[in-house]
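> query_25.cif (mmCIF, C-alpha atoms and all ligand atoms) pasted underneath:
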data_upload
loop_
_atom_site.label_atom_id
_atom_site.label_comp_id
_atom_site.auth_asym_id
_atom_site.auth_seq_id
_atom_site.Cartn_x
_atom_site.Cartn_y
_atom_site.Cartn_z
CA MET A 246 22.36 -54.40 -90.61
CA LYS A 247 19.61 -54.01 -87.98
CA LYS A 248 20.09 -57.65 -86.96
CA TRP A 249 23.68 -57.22 -85.84
CA SER A 250 24.56 -57.43 -82.17
CA LYS A 251 26.27 -54.45 -80.52
CA ARG A 252 29.71 -56.05 -80.84
CA THR A 253 29.32 -56.52 -84.57
CA ALA A 254 27.67 -53.14 -85.12
CA GLN A 255 30.54 -51.32 -83.39
CA VAL A 256 32.99 -52.75 -85.97
CA HIS A 257 30.94 -52.62 -89.17
CA ALA A 258 27.85 -50.42 -88.99
CA GLY A 259 27.77 -47.26 -91.07
CA THR A 260 30.78 -48.07 -93.25
CA ARG A 261 30.78 -46.15 -96.57
CA ARG A 262 33.45 -47.25 -99.01
CA SER A 263 34.86 -44.96 -101.69
CA GLN A 264 35.65 -46.14 -105.23
CA TYR A 265 39.03 -47.40 -103.92
CA GLY A 266 37.50 -50.08 -101.70
CA GLU A 267 39.56 -49.16 -98.61
CA VAL A 268 39.29 -51.47 -95.58
CA ALA A 269 39.79 -48.80 -92.91
CA GLU A 270 37.29 -45.97 -93.12
CA ALA A 271 38.48 -42.99 -95.17
CA ILE A 272 38.99 -39.56 -93.61
CA PHE A 273 37.18 -37.08 -95.83
CA LEU A 274 39.03 -34.03 -94.57
CA THR A 275 37.06 -31.60 -96.69
CA GLN A 276 34.75 -28.73 -95.79
CA GLY A 277 33.00 -28.63 -99.12
CA PHE A 278 31.85 -30.82 -102.02
CA VAL A 279 31.85 -30.05 -105.76
CA TYR A 280 28.82 -30.23 -108.00
CA ASP A 281 28.69 -31.39 -111.62
CA SER A 282 26.50 -28.45 -112.55
CA ALA A 283 24.77 -25.39 -111.16
CA GLU A 284 21.52 -27.33 -111.40
CA GLN A 285 22.92 -30.13 -109.23
CA ALA A 286 24.05 -27.61 -106.59
CA ALA A 287 20.62 -25.99 -106.59
CA ALA A 288 18.91 -29.39 -106.29
CA ARG A 289 21.11 -30.46 -103.38
CA PHE A 290 20.42 -27.28 -101.43
CA GLN A 291 16.74 -27.95 -101.93
CA LYS A 292 16.77 -31.59 -100.89
CA LEU A 293 19.76 -33.60 -99.69
CA GLY A 294 19.89 -37.29 -100.62
CA ASP A 295 21.23 -39.91 -98.23
CA ASP A 296 24.75 -40.01 -99.70
CA GLU A 297 24.96 -36.34 -100.62
CA PHE A 298 26.78 -33.57 -98.78
CA ILE A 299 27.10 -29.83 -99.26
CA TYR A 300 29.17 -28.43 -96.39
CA ALA A 301 30.87 -30.09 -93.43
CA ARG A 302 28.97 -28.02 -90.84
CA TYR A 303 25.85 -29.80 -92.15
CA GLY A 304 27.41 -33.23 -92.64
CA ASN A 305 30.46 -35.08 -93.98
CA PRO A 306 30.93 -38.71 -95.08
CA THR A 307 33.34 -39.61 -92.25
CA VAL A 308 31.12 -37.91 -89.67
CA ARG A 309 28.11 -39.70 -91.16
CA MET A 310 29.86 -43.08 -90.76
CA PHE A 311 30.41 -42.32 -87.07
CA GLU A 312 26.79 -41.20 -86.63
CA GLU A 313 25.41 -44.32 -88.31
CA ARG A 314 27.73 -46.65 -86.41
CA ILE A 315 26.86 -45.28 -82.99
CA ALA A 316 23.15 -45.11 -83.87
CA ALA A 317 23.25 -48.83 -84.74
CA LEU A 318 25.11 -49.57 -81.50
CA GLU A 319 22.62 -47.60 -79.39
CA GLY A 320 19.55 -48.85 -81.24
CA ALA A 321 18.61 -45.30 -82.29
CA GLU A 322 17.02 -44.33 -85.61
CA ASP A 323 19.43 -41.47 -86.16
CA ALA A 324 22.24 -39.39 -84.67
CA PHE A 325 23.97 -36.03 -85.07
CA ALA A 326 27.64 -35.74 -84.09
CA THR A 327 28.98 -32.66 -82.35
CA ALA A 328 32.32 -31.01 -81.60
CA SER A 329 32.18 -31.99 -77.92
CA GLY A 330 29.94 -33.57 -75.33
CA MET A 331 28.84 -30.12 -74.20
CA ALA A 332 27.87 -29.11 -77.75
CA ALA A 333 25.67 -32.23 -77.70
CA VAL A 334 24.08 -31.42 -74.32
CA ASN A 335 23.54 -27.78 -75.27
CA GLY A 336 22.15 -28.69 -78.70
CA ALA A 337 19.78 -31.34 -77.33
CA LEU A 338 18.33 -28.86 -74.82
CA MET A 339 18.36 -25.58 -76.78
CA SER A 340 16.89 -27.12 -79.92
CA MET A 341 13.73 -28.27 -78.11
CA LEU A 342 13.08 -25.46 -75.59
CA ARG A 343 11.65 -21.96 -75.69
CA ALA A 344 10.97 -19.20 -73.14
CA GLY A 345 8.32 -20.22 -70.63
CA ASP A 346 9.13 -23.94 -70.80
CA ARG A 347 9.89 -26.03 -67.72
CA VAL A 348 12.78 -28.48 -67.41
CA VAL A 349 13.15 -30.96 -64.58
CA ALA A 350 16.69 -32.26 -64.04
CA ALA A 351 18.65 -34.35 -61.58
CA ARG A 352 20.73 -32.05 -59.37
CA ALA A 353 23.81 -34.29 -59.48
CA LEU A 354 25.33 -33.35 -62.83
CA PHE A 355 28.65 -32.60 -64.52
CA GLY A 356 29.61 -28.96 -63.78
CA SER A 357 29.13 -27.71 -67.36
CA CYS A 358 25.72 -29.42 -67.66
CA LEU A 359 24.65 -27.56 -64.50
CA TYR A 360 25.88 -24.31 -66.08
CA VAL A 361 23.80 -24.84 -69.23
CA LEU A 362 20.71 -25.55 -67.13
CA GLU A 363 21.08 -23.09 -64.27
CA ASP A 364 22.71 -20.16 -66.05
CA ILE A 365 22.01 -20.31 -69.79
CA LEU A 366 18.49 -21.74 -69.90
CA ALA A 367 17.41 -19.59 -66.95
CA ARG A 368 18.65 -16.50 -68.82
CA PHE A 369 16.30 -17.34 -71.70
CA GLY A 370 13.26 -17.70 -69.48
CA VAL A 371 13.23 -21.48 -69.08
CA GLU A 372 12.24 -22.65 -65.61
CA VAL A 373 14.69 -25.27 -64.33
CA VAL A 374 13.75 -27.47 -61.40
CA LEU A 375 16.53 -29.60 -59.88
CA VAL A 376 15.63 -32.73 -57.93
CA ASP A 377 17.40 -35.48 -56.02
CA GLY A 378 17.73 -37.93 -58.91
CA THR A 379 17.83 -40.95 -56.60
CA ASP A 380 14.42 -40.13 -55.03
CA PRO A 381 11.51 -41.52 -57.11
CA ASP A 382 9.01 -39.32 -55.24
CA ALA A 383 10.98 -36.16 -56.02
CA TRP A 384 10.67 -36.96 -59.76
CA SER A 385 6.93 -37.69 -59.36
CA ALA A 386 6.35 -34.34 -57.64
CA ALA A 387 8.43 -32.30 -60.10
CA ILE A 388 7.35 -33.73 -63.48
CA THR A 389 4.08 -31.83 -63.92
CA PRO A 390 2.09 -31.55 -67.18
CA ALA A 391 3.75 -28.11 -67.58
CA THR A 392 7.11 -29.89 -68.10
CA GLN A 393 8.58 -30.05 -71.62
CA ALA A 394 11.90 -31.76 -70.93
CA VAL A 395 13.66 -33.91 -68.36
CA PHE A 396 17.45 -34.07 -68.20
CA LEU A 397 19.56 -36.54 -66.23
CA GLU A 398 22.90 -38.30 -66.11
CA SER A 399 22.03 -42.00 -65.83
CA VAL A 400 25.04 -42.33 -63.52
CA SER A 401 26.13 -38.98 -62.14
CA ASN A 402 29.55 -37.39 -62.37
CA PRO A 403 31.36 -37.71 -59.91
CA THR A 404 29.19 -39.16 -57.13
CA LEU A 405 27.87 -42.12 -59.17
CA GLU A 406 24.21 -41.67 -58.29
CA VAL A 407 22.09 -43.96 -60.46
CA VAL A 408 18.78 -42.63 -61.83
CA ASP A 409 15.90 -45.03 -62.51
CA ILE A 410 15.40 -44.30 -66.23
CA ALA A 411 12.24 -46.43 -66.57
CA HIS A 412 10.53 -44.63 -63.68
CA VAL A 413 11.43 -41.15 -64.96
CA THR A 414 10.43 -41.89 -68.56
CA GLU A 415 7.07 -43.26 -67.44
CA LEU A 416 6.33 -40.02 -65.55
CA ALA A 417 7.56 -37.91 -68.45
CA ARG A 418 5.46 -39.79 -70.98
CA ALA A 419 2.34 -39.18 -68.87
CA ALA A 420 3.23 -35.47 -68.67
CA GLY A 421 4.08 -35.18 -72.37
CA ALA A 422 7.72 -34.30 -71.67
CA ARG A 423 10.80 -35.56 -73.51
CA VAL A 424 13.60 -37.29 -71.59
CA ILE A 425 17.25 -36.57 -72.42
CA VAL A 426 19.76 -38.97 -70.87
CA ASP A 427 23.43 -37.97 -70.62
CA ASN A 428 24.80 -41.50 -70.73
CA VAL A 429 28.57 -41.00 -70.48
CA PHE A 430 29.14 -43.18 -67.41
CA ALA A 431 26.88 -46.02 -68.66
CA THR A 432 28.68 -46.01 -72.05
CA PRO A 433 26.98 -47.47 -75.16
CA VAL A 434 28.13 -50.91 -73.92
CA PHE A 435 25.88 -50.91 -70.83
CA SER A 436 23.21 -48.53 -72.16
CA ARG A 437 19.57 -49.52 -72.40
CA ALA A 438 18.30 -45.95 -72.17
CA LEU A 439 16.18 -45.92 -75.36
CA GLU A 440 14.74 -49.34 -74.58
CA LEU A 441 13.78 -48.01 -71.12
CA GLY A 442 11.86 -45.17 -72.73
CA ALA A 443 14.31 -42.26 -73.07
CA ASP A 444 13.69 -40.02 -76.11
CA VAL A 445 17.20 -38.67 -76.52
CA VAL A 446 20.61 -40.05 -75.52
CA VAL A 447 23.71 -37.86 -75.38
CA TYR A 448 27.35 -38.92 -75.19
CA SER A 449 30.58 -37.09 -74.72
CA ALA A 450 32.59 -39.17 -77.21
CA THR A 451 35.68 -37.59 -75.65
CA LYS A 452 35.42 -40.17 -72.89
CA HIS A 453 35.10 -43.95 -73.55
CA ILE A 454 34.32 -43.70 -77.28
CA ASP A 455 37.69 -42.16 -78.10
CA GLY A 456 39.03 -43.99 -75.07
CA GLN A 457 42.62 -42.90 -75.57
CA GLY A 458 42.44 -39.24 -74.63
CA ARG A 459 42.97 -37.75 -78.09
CA CYS A 460 39.94 -35.87 -79.42
CA LEU A 461 36.88 -33.99 -78.23
CA GLY A 462 33.56 -35.11 -79.64
CA GLY A 463 29.93 -35.72 -78.84
CA VAL A 464 26.76 -37.17 -80.27
CA VAL A 465 22.99 -36.82 -79.83
CA LEU A 466 20.83 -39.87 -80.62
CA GLY A 467 17.08 -40.24 -81.01
CA SER A 468 14.24 -40.78 -83.47
CA ARG A 469 14.76 -39.71 -87.09
CA ASP A 470 11.99 -37.16 -86.71
CA TYR A 471 13.62 -35.56 -83.65
CA VAL A 472 17.15 -35.61 -85.08
CA ARG A 473 16.25 -34.21 -88.51
CA LYS A 474 13.42 -31.83 -87.63
CA THR A 475 14.31 -30.50 -84.17
CA LEU A 476 18.03 -31.06 -83.58
CA GLU A 477 19.68 -30.74 -86.99
CA PRO A 478 18.36 -27.25 -87.86
CA TYR A 479 19.72 -25.93 -84.55
CA LEU A 480 23.11 -27.66 -84.76
CA LYS A 481 23.85 -27.07 -88.44
CA HIS A 482 23.17 -23.34 -88.14
CA THR A 483 24.93 -22.79 -84.80
CA GLY A 484 28.19 -24.51 -85.76
CA GLY A 485 28.82 -27.31 -83.27
CA ALA A 486 29.85 -29.78 -86.00
CA LEU A 487 32.34 -32.59 -85.33
CA SER A 488 35.59 -32.41 -87.32
CA PRO A 489 35.93 -35.24 -89.89
CA PHE A 490 39.32 -36.13 -88.43
CA ASN A 491 37.89 -36.43 -84.91
CA ALA A 492 34.96 -38.44 -86.31
CA TRP A 493 37.47 -40.90 -87.78
CA VAL A 494 39.24 -41.25 -84.40
CA MET A 495 35.83 -41.90 -82.78
CA LEU A 496 34.89 -44.45 -85.47
CA LYS A 497 38.06 -46.40 -84.80
CA GLY A 498 37.50 -45.99 -81.05
CA LEU A 499 34.07 -47.59 -81.37
CA GLU A 500 35.61 -50.75 -82.85
CA THR A 501 37.33 -51.58 -79.54
CA LEU A 502 34.77 -50.00 -77.21
CA ASP A 503 33.26 -53.24 -75.90
CA LEU A 504 36.64 -54.83 -75.17
CA ARG A 505 37.98 -51.76 -73.43
CA VAL A 506 34.91 -50.90 -71.37
CA ARG A 507 34.43 -54.48 -70.17
CA ALA A 508 38.09 -54.81 -69.17
CA GLN A 509 38.06 -51.42 -67.42
CA THR A 510 34.82 -52.34 -65.62
CA GLU A 511 36.25 -55.65 -64.43
CA THR A 512 39.27 -53.85 -63.01
CA ALA A 513 37.09 -51.13 -61.45
CA LEU A 514 35.10 -53.78 -59.59
CA ALA A 515 38.24 -55.57 -58.42
CA LEU A 516 39.73 -52.29 -57.15
CA ALA A 517 36.49 -51.24 -55.44
CA GLU A 518 36.29 -54.61 -53.66
CA ALA A 519 39.95 -54.50 -52.64
CA LEU A 520 39.86 -50.89 -51.42
CA GLU A 521 36.54 -51.02 -49.55
CA GLY A 522 37.28 -50.98 -45.83
CA HIS A 523 40.81 -49.53 -46.22
CA ALA A 524 41.68 -47.64 -43.03
CA ALA A 525 42.42 -44.38 -44.90
CA LEU A 526 39.03 -44.40 -46.67
CA SER A 527 35.70 -43.45 -45.16
CA ARG A 528 33.85 -44.65 -48.26
CA VAL A 529 34.21 -46.41 -51.58
CA LEU A 530 31.43 -45.48 -54.00
CA TYR A 531 30.96 -47.86 -56.91
CA PRO A 532 27.61 -48.97 -58.40
CA GLY A 533 28.97 -52.51 -58.77
CA LEU A 534 29.47 -52.89 -55.00
CA PRO A 535 26.56 -54.21 -52.90
CA SER A 536 27.23 -51.30 -50.48
CA HIS A 537 26.24 -48.73 -53.16
CA PRO A 538 22.79 -47.26 -52.33
CA GLN A 539 21.47 -48.08 -55.85
CA HIS A 540 23.39 -51.29 -56.45
CA ALA A 541 20.29 -53.31 -57.37
CA LEU A 542 19.09 -50.62 -59.80
CA ALA A 543 22.54 -50.37 -61.40
CA MET A 544 22.58 -54.11 -61.94
CA THR A 545 19.15 -54.24 -63.60
CA GLN A 546 19.66 -51.04 -65.62
CA MET A 547 23.26 -51.58 -66.76
CA GLY A 548 24.26 -55.05 -65.61
CA ALA A 549 27.59 -53.69 -64.40
CA GLY A 550 29.09 -50.89 -62.34
CA GLY A 551 31.04 -49.09 -65.07
CA THR A 552 34.59 -47.85 -65.28
CA VAL A 553 34.60 -45.07 -62.66
CA LEU A 554 34.70 -45.19 -58.89
CA ALA A 555 34.85 -42.56 -56.20
CA LEU A 556 36.95 -42.80 -53.06
CA GLU A 557 36.42 -40.67 -50.02
CA VAL A 558 39.57 -40.31 -47.96
CA SER A 559 39.32 -39.49 -44.27
CA GLY A 560 41.08 -36.21 -43.53
CA GLY A 561 39.54 -33.96 -46.18
CA GLN A 562 41.30 -32.04 -48.94
CA ALA A 563 44.78 -32.18 -47.39
CA ALA A 564 44.65 -35.98 -47.20
CA ALA A 565 43.13 -36.23 -50.70
CA PHE A 566 45.90 -34.05 -52.16
CA ARG A 567 48.56 -36.07 -50.29
CA MET A 568 47.17 -39.26 -51.82
CA LEU A 569 46.98 -37.82 -55.35
CA ASN A 570 50.53 -36.53 -55.11
CA ALA A 571 51.83 -39.90 -53.86
CA LEU A 572 50.50 -41.85 -56.88
CA GLN A 573 53.21 -43.06 -59.23
CA LEU A 574 51.24 -44.84 -61.95
CA VAL A 575 47.76 -43.30 -61.86
CA THR A 576 47.89 -39.80 -63.33
CA ILE A 577 46.15 -36.66 -62.11
CA SER A 578 43.85 -35.52 -64.91
CA ASN A 579 40.18 -34.65 -65.31
CA ASN A 580 39.33 -36.78 -68.37
CA LEU A 581 37.72 -40.18 -67.90
CA GLY A 582 37.20 -43.36 -69.88
CA ASP A 583 40.85 -43.26 -70.99
CA ALA A 584 43.12 -46.30 -71.41
CA LYS A 585 45.27 -44.67 -68.74
CA SER A 586 43.90 -44.61 -65.20
CA LEU A 587 43.23 -41.03 -64.11
CA VAL A 588 42.32 -39.41 -60.80
CA THR A 589 40.78 -36.07 -60.11
CA HIS A 590 39.70 -34.08 -57.06
CA PRO A 591 36.25 -32.84 -58.17
CA ALA A 592 35.78 -30.25 -55.40
CA THR A 593 38.77 -28.21 -56.65
CA THR A 594 38.57 -29.00 -60.40
CA THR A 595 35.49 -30.17 -62.35
CA HIS A 596 33.02 -28.91 -59.72
CA GLN A 597 35.11 -26.02 -58.35
CA ARG A 598 32.56 -23.44 -59.56
CA LEU A 599 29.77 -24.70 -57.29
CA PRO A 600 29.14 -22.99 -53.94
CA ASP A 601 30.21 -25.07 -50.92
CA GLU A 602 26.60 -25.69 -49.83
CA GLN A 603 25.74 -27.15 -53.25
CA LYS A 604 28.87 -29.33 -53.17
CA ALA A 605 27.81 -30.62 -49.74
CA VAL A 606 24.29 -31.47 -50.97
CA LEU A 607 25.77 -33.33 -53.95
CA GLY A 608 28.25 -35.24 -51.79
CA ILE A 609 31.26 -33.59 -53.44
CA THR A 610 33.19 -33.51 -50.19
CA PRO A 611 36.76 -32.20 -49.71
CA GLY A 612 37.97 -35.81 -49.35
CA LEU A 613 36.31 -37.13 -52.52
CA ILE A 614 38.52 -38.50 -55.30
CA ARG A 615 37.19 -39.70 -58.67
CA LEU A 616 39.11 -42.59 -60.21
CA SER A 617 38.65 -43.45 -63.88
CA VAL A 618 40.00 -46.95 -64.31
CA GLY A 619 42.14 -47.66 -67.37
CA LEU A 620 43.57 -50.71 -69.07
CA GLU A 621 46.63 -51.29 -66.91
CA ASP A 622 47.23 -54.52 -64.98
CA PRO A 623 44.85 -54.46 -61.99
CA ALA A 624 47.64 -55.61 -59.65
CA ASP A 625 49.83 -52.63 -60.59
CA LEU A 626 46.90 -50.24 -60.07
CA LEU A 627 46.04 -51.72 -56.69
CA ALA A 628 49.67 -51.53 -55.56
CA ASP A 629 49.87 -47.86 -56.62
CA LEU A 630 46.56 -46.93 -54.96
CA THR A 631 47.24 -48.73 -51.68
CA GLY A 632 50.81 -47.35 -51.65
CA ALA A 633 49.42 -43.80 -51.92
CA LEU A 634 46.70 -44.47 -49.34
CA ASN A 635 49.31 -45.79 -46.92
CA VAL A 636 51.17 -42.47 -47.22
CA ILE A 637 48.19 -40.77 -45.62
C1 LIG A 701 32.68 -34.95 -69.88
C2 LIG A 701 31.23 -34.90 -69.75
C3 LIG A 701 30.47 -34.02 -70.52
C4 LIG A 701 31.08 -33.03 -71.47
O1 LIG A 701 31.81 -33.61 -72.49
P1 LIG A 701 32.95 -32.82 -73.31
O2 LIG A 701 33.29 -33.74 -74.43
O3 LIG A 701 34.07 -32.57 -72.36
O4 LIG A 701 32.35 -31.54 -73.77
C5 LIG A 701 29.10 -34.04 -70.35
N1 LIG A 701 28.50 -34.89 -69.49
C6 LIG A 701 29.21 -35.76 -68.73
C7 LIG A 701 28.50 -36.67 -67.79
C8 LIG A 701 30.60 -35.80 -68.84
O5 LIG A 701 31.30 -36.65 -68.09
#
So that I can check it, write out the structure of this file as structure tokens.


Amino acid sequence: MKKWSKRTAQVHAGTRRSQYGEVAEAIFLTQGFVYDSAEQAAARFQKLGDDEFIYARYGNPTVRMFEERIAALEGAEDAFATASGMAAVNGALMSMLRAGDRVVAARALFGSCLYVLEDILARFGVEVVLVDGTDPDAWSAAITPATQAVFLESVSNPTLEVVDIAHVTELARAAGARVIVDNVFATPVFSRALELGADVVVYSATKHIDGQGRCLGGVVLGSRDYVRKTLEPYLKHTGGALSPFNAWVMLKGLETLDLRVRAQTETALALAEALEGHAALSRVLYPGLPSHPQHALAMTQMGAGGTVLALEVSGGQAAAFRMLNALQLVTISNNLGDAKSLVTHPATTTHQRLPDEQKAVLGITPGLIRLSVGLEDPADLLADLTGALNVI
């Protein structure tokens, strides 16, 4: 199984067949499991075998199939699936930190990740230092030997800043800190985070892994020792378990992940190239474009620009809203990685909570629009986007 390439692993890895020999993975929609005897129950609570389960908050066969499949795809020893991407981020951080610890994180993060770091961890006496993730010297200065953990989005939401994972992990290793990479925008298809030295990788499976906007889910990946000894005790007792039904949706989503993400990425690049220089836009931000400040890094780290781009319209929020409202095919929604192309205005939605000064520092300007590119015909998408841009 370890020899399979990513494309094969995403279809086959982790499959557990029941006595019926089903082809499609079974949904074990059960919270509990029966025991042949009181002795067997007692033994299982003492030590759980590989194919043994006791309660779905701790584990479930369908959830386990998803965990094993994505672990094989990512090249991780083990994984624990969670109810959402945020349960994964929160679990990865809370399970390894205690009062007095220091965390260094990139400042350009998804709004809820910032909340966990700045509000929750700070409340429990964890020092959180935020740095410009694109500045190698800022990381060098901040990652001191007093640092226990480093947190970053390999490509940031929504401004698409790319962090040099190899540089950060080298500094963290020297300081004895663990690196957690929120890898949603890179997707498992373009991810090399573990190979580049990251200790823990986190995904919101809600995004590309489901890929059709149906279920919430998340997963934390890392070494067996970390997953079983540090992460699992925290997650199984605090209740962030993934539902077996959602795990099944994610399992089936993984089977087509490579095809979808590559097609969406190809379209994203074509749109970015076609829209760059449009008179209504002051900027097109896409890691796959040579004009992106970290284009070279994105190409070596991921080999592609990903499925999301950001457009900055001239004329601020009023112009951005006019464009969004003029779209006829692309839908206004704040999910991403979906088969349907979706646009959002981060300043008034996903990052609304941030003070204006922080938005300005992060580049979340009033004219910024995030576009998650779907599976539609690129020509139809371009016609819709240019039509809406021409309205402003
Ligand atoms: C969406 C997202 C999350 C949170 O995932 P949910 O499944 O919505 O909880 C975390 N990090 C990033 C980068 C995201 O885009």

> When the cut-off is 10 Å and you count only C-alpha atoms and all ligand atoms, which residues lie near ligand LIG 701 (chain A), shown as a PyMOL selection string?

chain A and resi 327-335+353-359+397-403+426-431+447-453+460-464+579-582+595

> Excluding A:Arg505 and any residue of its chain fewer than 5 positions from it, enumerate the residues within 9 Å of it, using all atoms listed in the file, and give them as a PyMOL selection string.

chain A and resi 453+456+510+584+619-620

> Between A:Leu496, A:Leu480, A:Met310, A:Ala555, single out the one closest to A:Glu406, counting only C-alpha atoms.

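That would be A:Ala555, the residue with the smallest distance to A:Glu406.
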
> Dig up all the protein and nucleic acid residues within 12 Å of (31.9, -26.6, -86.6) in the file frame, using only C-alpha atoms, and format them as a count of residues only.

25

> For A:Gln562, which of A:Arg261, A:Gly533, A:Ile637, A:Asp629 is the closest residue, counting all atoms listed in the file?

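When distances to A:Gln562 are compared using all atoms listed in the file, the smallest one comes from A:Ile637.
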
> Which residues come within 8 Å of A:Ala525, counting only C-alpha atoms, excluding same-chain residues fewer than 2 positions away, as a CSV table (one decimal) with C-alpha atoms, in the frame of the given file?


chain,number,residue,atom,x,y,z
A,523,HIS,CA,40.8,-49.5,-46.2
A,527,SER,CA,35.7,-43.4,-45.2
A,558,VAL,CA,39.6,-40.3,-48.0
A,559,SER,CA,39.3,-39.5,-44.3
A,634,LEU,CA,46.7,-44.5,-49.3
A,635,ASN,CA,49.3,-45.8,-46.9
A,637,ILE,CA,48.2,-40.8,-45.6

> Taking only C-alpha atoms into account, which of A:Leu504, A:Val408, A:Leu466, A:Ile609 comes nearest A:Leu530?

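Residue with the minimum atom-to-atom distance to A:Leu530: A:Ile609.
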
> Have a look at atom CA of A:Ser536 and atom CA of A:Phe396 and let me know their distance in Å, one decimal.

26.6 Å

> Rounded to one decimal, what separation in Å do you get between atom CA of A:Leu416 and atom CA of A:Glu440?

15.5 Å

> Calculate how many Å separate atom CA of A:Ala394 from atom CA of A:Asp346, rounding to one decimal.

8.3 Å

> Within 8 Å of (9.7, -27.5, -72.7), all atoms listed in the file: residues as a CSV table (one decimal) with C-alpha atoms, in the coordinates of the input?


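What landed in out.csv:
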chain,number,residue,atom,x,y,z
A,341,MET,CA,13.7,-28.3,-78.1
A,342,LEU,CA,13.1,-25.5,-75.6
A,343,ARG,CA,11.6,-22.0,-75.7
A,345,GLY,CA,8.3,-20.2,-70.6
A,346,ASP,CA,9.1,-23.9,-70.8
A,347,ARG,CA,9.9,-26.0,-67.7
A,348,VAL,CA,12.8,-28.5,-67.4
A,371,VAL,CA,13.2,-21.5,-69.1
A,391,ALA,CA,3.8,-28.1,-67.6
A,392,THR,CA,7.1,-29.9,-68.1
A,393,GLN,CA,8.6,-30.0,-71.6
A,394,ALA,CA,11.9,-31.8,-70.9
A,422,ALA,CA,7.7,-34.3,-71.7
